[in-house]
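Report on the structure given below.
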Amino acid sequence: MDKSTHSILLIFIVLTHFLFNGSLVMPEDNLSQNLSIDFQNNLVQYENEVQIKAVSNESFGEQHLFWIPLPDWIQMRATLLAVGNYCYVYMANETIDLLGENNSISKCNSIRDAFDDDVYPKAIEVAGHPNGILGDIDGDPHVTIFLAPTVRYMGTGYLGFMYLENEDPGFPYTNLREMVYCDSEKNVYETICITIHEFNHLIWYNNDWNDADFINEGLANYAIDYAEYYFWVTTAVTNAFTYYPEISLLYFNRFYGSLWDASYGQAYLFVTYLANRFGNNFTKELVFIPEDGTVAIDVALDRFGYNLTFNDLYLDWITACVLDNSDIYEGIYGFESVSYTIQAQTAILFDFEMTRTHYFYGFDVKRMYVPRDSFTFKIDNPYPYALGVSLVIKDDNNWTVTQTIYHEDTDKIQIYVEGININNVYVITSLMSPDTPTGFGDVFSLDELISSELTYNFFEGNAVTDEVENTSPYFLFIPMLASLLIVKKRKKLSITE
């Protein structure tokens, strides 16, 4: 589905939820090191969540001192300028002096209205109630939005963040309330988007504080999209990812720059794909599942009755990132809520050896611009790791997608393909685990990732070798394999491996 786009300059490092301590970010392991909260309690589900409201315990004009790291912990005085059904909007007094009282009140009223009308109810739909399993620390269901001059004190990397320690009575700098911080000098629209993202983190971390970033950052960005502030993410981080599909989905890049933005875009697209394909209840379930990362996705797939694994889903998703075609295969290779296709594609040359670095759960796209009706693809085998291959063909029989995860101890993987008047070919490859991977985390460079230099080549016609030791075992069982592929992917072309 097409959406209009707008030209907005964004620095998406701003959406980090990490702690600051004089340096750029601290590792996620330190996020809640001071908490004395048992996260193993039974998960609490709330009914009629959107209808939960309360009479305000705080009123317009009240002033409070809030702890905030700028970057060292200080107390900053702020005034309550807007009270909503679900939020308090406080602004730092020094920002009020800068903007003027009337402008400050007008801005806070706009943020309050957006939070009550759009942000809160939409966030509930995709992530659940903000109380989570921790409960309400202050007995007041309002969420505090604290507008403070974070960028002016800490740099352009800090437009918004949240601290779970604000709900920990034992933390020395706690504000003892459900709370998000947003820069006070950005325009109203950007502030709302930042609020959506950080509020989603607040909900997630009130249920599970150490889940994989590719899920919780993805859901926080999807929440912006779902609240219909979509072009804030689609014209920023997704545009960054389109040129870096090789980055790892599982290991979020936290070094400020284009790869940081690309990781946000990648996570957003992955969670958007989950929500488009399985519904918001699926993504919401991930918040409440005790397991983390890819294992949580496997658990959710099982709970919702899908005979799929994370690896199956991952291959479908990278294919959707290349095709974005919802008209084939019941829509599983397209996005419903965003138009998107990877731009980083290597042209296929025949009998011309090329080498590409494959990073663990990143992918490489090869496109044949002058298709042949018969060709062979050969690539190094990354054993003991697996190679995921999504082969996409369009010919007189329409589109055909064939996906295989190779994990045999051979020198080369070889695939022979033929069709009738082929006019489109994509070969998508990814370094993977043969089974659902269990690791995830953050990195600060691609050098930290598992990787493999894989040399590949394309040949016209059937160039598959007859030497058993250099041939994928699948090639030795062409009739049986072809039959299986027909059942799995409604195969219409003659493809042998």
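Going by the structure tokens order, chains are called A, B, ..., each with residues numbered from 1, while ligands are numbered from 1 in the order shown.
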Check which residues of range 427-452 of chain A sit at most 12 Å from range 335-345 of chain A using only C-alpha atoms, and return one row each with the closest pair of atoms and their distance in Å to one decimal, ordered by chain and rising number, as a Markdown table.
```
| residue | atom | partner | partner_atom | distance |
| --- | --- | --- | --- | --- |
| A:Val427 | CA | A:Gln345 | CA | 9.8 |
| A:Ile428 | CA | A:Gln345 | CA | 9.5 |
| A:Thr429 | CA | A:Gln345 | CA | 11.6 |
```
Next on the checklist: Show me, as number ranges by chain, the residues that have an atom within 7 Å of Leu70 in chain A when counting only C-alpha atoms, minus same-chain residues fewer than 5 positions from it.
Outcome noted: A: 150, 153-154
Next, write the just-selected residues to a file, as a short mmCIF file (atom, residue, chain, number, x, y, z; two decimals), in the first residue's frame, keeping C-alpha atoms as the atom set.
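again11.cif was written with the following content:
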```cif
data_model
loop_
_atom_site.label_atom_id
_atom_site.label_comp_id
_atom_site.auth_asym_id
_atom_site.auth_seq_id
_atom_site.Cartn_x
_atom_site.Cartn_y
_atom_site.Cartn_z
CA THR A 150 18.30 16.98 26.27
CA TYR A 153 22.95 19.45 26.96
CA MET A 154 23.84 16.07 25.43
#
```
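For the residues A:Ala240, A:Gly279, A:Arg372, A:Asn462, ranking by smallest atom-to-atom distance to Ser263 in chain A using only C-alpha atoms places A:Ala240 first.
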Please, which residues in range 302-368 of chain A fall within 10 Å of range 373-391 of chain A when counting only C-alpha atoms, and what is the closest atom pair and distance in Å to one decimal for each, ordered by chain then residue number, as CSV?
```
residue,atom,partner,partner_atom,distance
A:Asn311,CA,A:Gly388,CA,8.8
A:Asp312,CA,A:Gly388,CA,9.8
A:Tyr314,CA,A:Gly388,CA,9.5
A:Leu315,CA,A:Ser390,CA,6.7
A:Asp316,CA,A:Ser390,CA,8.3
A:Ile318,CA,A:Ser390,CA,8.4
A:Thr319,CA,A:Ser390,CA,6.8
A:Phe350,CA,A:Phe375,CA,9.0
A:Glu353,CA,A:Ile379,CA,9.6
A:Met354,CA,A:Ile379,CA,9.5
A:Thr355,CA,A:Ile379,CA,9.2
A:His358,CA,A:Pro382,CA,9.4
A:Phe360,CA,A:Tyr385,CA,9.0
A:Tyr361,CA,A:Gly388,CA,9.3
A:Phe363,CA,A:Gly388,CA,9.0
A:Asp364,CA,A:Val389,CA,9.8
A:Val365,CA,A:Ser390,CA,9.6
A:Lys366,CA,A:Leu391,CA,9.8
```
Item to check | CA of Leu349 in chain A to CA of Gly461 in chain A, straight-line distance in Å | outcome: 13.7 Å
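Across the structure, CA of Phe252 in chain A and CA of His197 in chain A are spaced 16.7 Å apart.
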Checklist entry - What residues in range 207-449 of chain A get the DSSP label helix (DSSP H, G or I)? Please answer as a PyMOL selection string. => result chain A and resi 213-226+231-234+237-241+258-278+280-288+293-303+310-323+329-331+446-448
Next on the checklist: Neighbouring residues of Val126 in chain A were defined as those with any atom within 12 Å, considering only C-alpha atoms; residues of the same chain fewer than 5 positions away were excluded. Please report them as a ChimeraX atom specification.
Outcome noted: /A:49-50,119-121,196-197,199-201,203-204,216,218-227,271-272,274-276,279-288
Checklist entry - Which residue gives the smallest distance to Pro172 in chain A among A:Gln75, A:Asp117, A:Asn85, A:Glu228, with only C-alpha atoms counted? => result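 For Pro172 in chain A, the nearest of the candidates is A:Gln75.
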Checklist entry - In Å, how far is it from CA of Trp67 in chain A to CA of Thr95 in chain A? => result 16.1 Å
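Using only C-alpha atoms, the nearest neighbour of Gly439 in chain A within the list A:Asn253, A:Asp211, A:Phe278, A:Tyr173 is A:Asp211.
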Next on the checklist: From a backbone DSSP assignment, name each residue in range 355-400 of chain A labelled strand (DSSP E or B), as an MDAnalysis selection string.
Outcome noted: chainID A and resid 355:360 363:368 374:380 386:395 398:400
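Using only C-alpha atoms, the smallest distance between any of A:Gly265, A:Gly128, A:Gly257, A:Gly61 and Thr238 in chain A comes from A:Gly265.
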Checklist entry - Which polymer residues have any atom within 8 Å of an atom of Cys108 in chain A, counting only C-alpha atoms, with same-chain residues fewer than 4 positions away left out, as JSON, numbers by chain? => result {"A": [81, 82, 89, 90, 91, 104, 112]}
Checklist entry - Which is closest to Ile393 in chain A among A:Ser326, A:Asn421, A:Asn93, A:Thr309, if we use only C-alpha atoms? => result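 Ranking A:Ser326, A:Asn421, A:Asn93, A:Thr309 by distance to Ile393 in chain A, first place goes to A:Asn421.
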Item to check | Using only C-alpha atoms: which of A:Ala262, A:Val401, A:Ala267, A:Leu250 has the shortest distance to Met432 in chain A | outcome: A:Leu250
